[in-house]
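Remarks on the structure that follows.
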Amino acid sequence: MSDYHYESLFDKALEAGAKRNYKEAEEQLTKIVAETDSIPQALLYLGRTRHALGEYERAISAFSLYLEQFPESGEAWFFMGRTYLALGLLREAVHCLRLAIERGSDRPDTWAILGLAELRQKRRSKAVESLLKAVNLAPQNKRIYKAYLNALSVHAIRSLARGDYREAAAMLAFVIDNGLDGLTQHLYR
C-alpha cells in the first residue's frame with residue numbers, strides 16, 4: 001500500500017484519539033506499525049493510546065520500540081516515565097523523566113510528574129525541588145501549585161520528625177499562608 005494510505009490511517013487514528021475513541025485509534029495505529037515503517041511516530045501514539053486504555057505494559061512495549069529508533073526523543077521518555085509511574089515502577093519512572101528533561105522535554109508537566117514520582121519514593125526534598133521547578137515554569141497552573149504545597153507540607157512534617165523545628169515551622173507557615181490551610185498543617189505547626 002502507498003504511504004498516502006498509511007498517512008490517511010494515521011490521520012484517522014489521531015482524530016479518534018482526539019475524540020477519546022482509543023480502541024479505534026489503537027486499531028488504526030496497530031495496522032500502521034504492523035505493515036509499514038514509514039510513519040515511526042505511529043509507535044509513539046500507539047503507546048499513548050495504550051496508556052489511555054490502561055494497557056501499560058503494552059504501552060511500554062510501543063514506547064521501547066520507538067525509543068530504539070529515536071533515543072533522543074524527550075517526548076517519548078516523558079510518556080515512558082508517566083507509564084512506569086502508573087505501574088508503580090518508581091525508579092524506572094524517575095529515570096525516564098530525568099532523561100526526558102535532559103533531552104528537551106523541560107516542561108512543567110514533566111517536572112510535576114517527576115516530583116510526584118520522587119514523593120512516592122519518599123524523596124521529599126527532591127520532590128519539592130522538582131515541583132518548585134514546575135511551579136516556576138507554569139506559575140498560573142493551580143494543580144501544579146497545589147501539588148507543590150502538598151509536597152512541601154509532607155516535607156515539613158518529616159523535617160519536624162527529624163527535629164528541624166524552625167525549618168518545619170517556616171515551611172508550614174508558607175504552606176498555610178499560600179492556601180493549603182488544613183487541620184493537619186495547623187496541628188503540626
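By convention in this document, the chains of the C-alpha cells carry letters A, B, ... by their order, each chain's residues are numbered from 1, and ligands are numbered from 1 in the order they are shown.
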Test item, helix (DSSP H, G or I) assignment across chain A, answer as JSON, numbers by chain: {"A": [3, 4, 5, 6, 7, 8, 9, 10, 11, 12, 13, 14, 15, 16, 17, 18, 22, 23, 24, 25, 26, 27, 28, 29, 30, 31, 32, 33, 34, 35, 41, 42, 43, 44, 45, 46, 47, 48, 49, 50, 51, 52, 56, 57, 58, 59, 60, 61, 62, 63, 64, 65, 66, 67, 68, 69, 74, 75, 76, 77, 78, 79, 80, 81, 82, 83, 84, 85, 86, 87, 90, 91, 92, 93, 94, 95, 96, 97, 98, 99, 100, 101, 102, 108, 109, 110, 111, 112, 113, 114, 115, 116, 117, 118, 119, 120, 124, 125, 126, 127, 128, 129, 130, 131, 132, 133, 134, 135, 136, 137, 142, 143, 144, 145, 146, 147, 148, 149, 150, 151, 152, 153, 154, 155, 156, 157, 158, 159, 160, 161, 165, 166, 167, 168, 169, 170, 171, 172, 173, 174, 175, 176, 177, 183, 184, 185, 186, 187, 188]}
Long-range neighbours of region 112-117 of chain A as a PyMOL selection string, 7 Å cut-off, only C-alpha atoms, 4 positions minimum in chain: chain A and resi 85+90+93-94+97+108+121+127-128+130-131+134+144
Residue contacts of Gly74 (chain A) (6 Å, only C-alpha atoms) excluding same-chain residues fewer than 4 positions away, as number ranges by chain: A: 100, 103-105
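Once Leu43 (chain A) and its same-chain neighbours fewer than 6 positions away are set aside, Leu29, Thr30, Ile32, Val33, Asp37, Thr49, Ala59, Ser61, Ala62, Phe63, Ser64, Leu65, Tyr66, Leu67 and Ala76 of chain A remain within 10 Å of it when counting only C-alpha atoms.
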Those residues you just picked out, can you put them in a file as a compact mmCIF listing (two decimals), in the first residue's frame with N, CA, C and O atoms?
```
# COMPACT_ATOMS: atom_id res chain seq x y z
N LEU A 29 -3.57 2.47 14.50
CA LEU A 29 -2.13 2.57 14.75
C LEU A 29 -1.45 1.21 14.69
O LEU A 29 -0.34 1.08 14.16
N THR A 30 -2.12 0.18 15.21
CA THR A 30 -1.56 -1.17 15.16
C THR A 30 -1.42 -1.62 13.72
O THR A 30 -0.40 -2.23 13.34
N ILE A 32 -0.94 0.28 11.13
CA ILE A 32 0.18 1.03 10.53
C ILE A 32 1.51 0.41 10.93
O ILE A 32 2.35 0.11 10.07
N VAL A 33 1.73 0.20 12.23
CA VAL A 33 3.05 -0.29 12.67
C VAL A 33 3.29 -1.73 12.24
O VAL A 33 4.44 -2.14 12.09
N ASP A 37 7.04 0.93 8.07
CA ASP A 37 7.93 1.70 8.94
C ASP A 37 7.93 3.17 8.52
O ASP A 37 8.72 3.96 9.04
N THR A 49 -1.87 5.76 23.26
CA THR A 49 -3.23 5.20 23.19
C THR A 49 -3.38 4.04 24.16
O THR A 49 -4.37 3.94 24.89
N ALA A 59 1.85 -0.43 26.39
CA ALA A 59 2.30 0.94 26.08
C ALA A 59 3.82 1.01 26.16
O ALA A 59 4.47 1.59 25.27
N SER A 61 5.91 -1.33 25.71
CA SER A 61 6.46 -2.04 24.55
C SER A 61 6.52 -1.11 23.34
O SER A 61 7.54 -1.05 22.63
N ALA A 62 5.45 -0.36 23.09
CA ALA A 62 5.43 0.56 21.94
C ALA A 62 6.45 1.68 22.13
O ALA A 62 7.18 2.04 21.20
N PHE A 63 6.52 2.24 23.34
CA PHE A 63 7.49 3.30 23.60
C PHE A 63 8.92 2.79 23.42
O PHE A 63 9.77 3.49 22.88
N SER A 64 9.17 1.58 23.88
CA SER A 64 10.51 0.99 23.76
C SER A 64 10.92 0.85 22.29
O SER A 64 12.06 1.16 21.93
N LEU A 65 10.00 0.39 21.48
CA LEU A 65 10.30 0.26 20.05
C LEU A 65 10.58 1.63 19.42
O LEU A 65 11.48 1.77 18.60
N TYR A 66 9.81 2.61 19.83
CA TYR A 66 10.03 3.96 19.30
C TYR A 66 11.39 4.49 19.75
O TYR A 66 12.14 5.07 18.96
N LEU A 67 11.71 4.28 21.03
CA LEU A 67 12.98 4.79 21.57
C LEU A 67 14.20 4.07 21.00
O LEU A 67 15.29 4.65 20.99
N ALA A 76 9.14 11.00 24.06
CA ALA A 76 8.95 9.55 24.28
C ALA A 76 9.39 9.15 25.68
O ALA A 76 8.73 8.33 26.34
```
Shell of 12 Å around His51 (chain A), only C-alpha atoms, local chain residues under 6 positions omitted, as a PyMOL selection string: chain A and resi 17+22-23+26+44-45+57-63+79-87
Distance query Arg107 (chain A) at most 8 Å, only C-alpha atoms, self and fewer than 3 positions along chain excluded, as number ranges by chain: A: 101, 110-111, 134, 137
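Distance-wise, CA of Glu167 (chain A) and CA of Arg124 (chain A) end up 14.1 Å apart.
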Minimum-distance residue to Ser159 (chain A), chosen among A:Ser38, A:Asn136, A:Ser125, A:Asn141 (using only C-alpha atoms):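 Among the listed residues, A:Ser125 lies closest to Ser159 (chain A).
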Residues near Ala13 (chain A), cut-off 6 Å, only C-alpha atoms, skip fewer than 3 positions along chain, as number ranges by chain: A: 10, 16, 25, 28
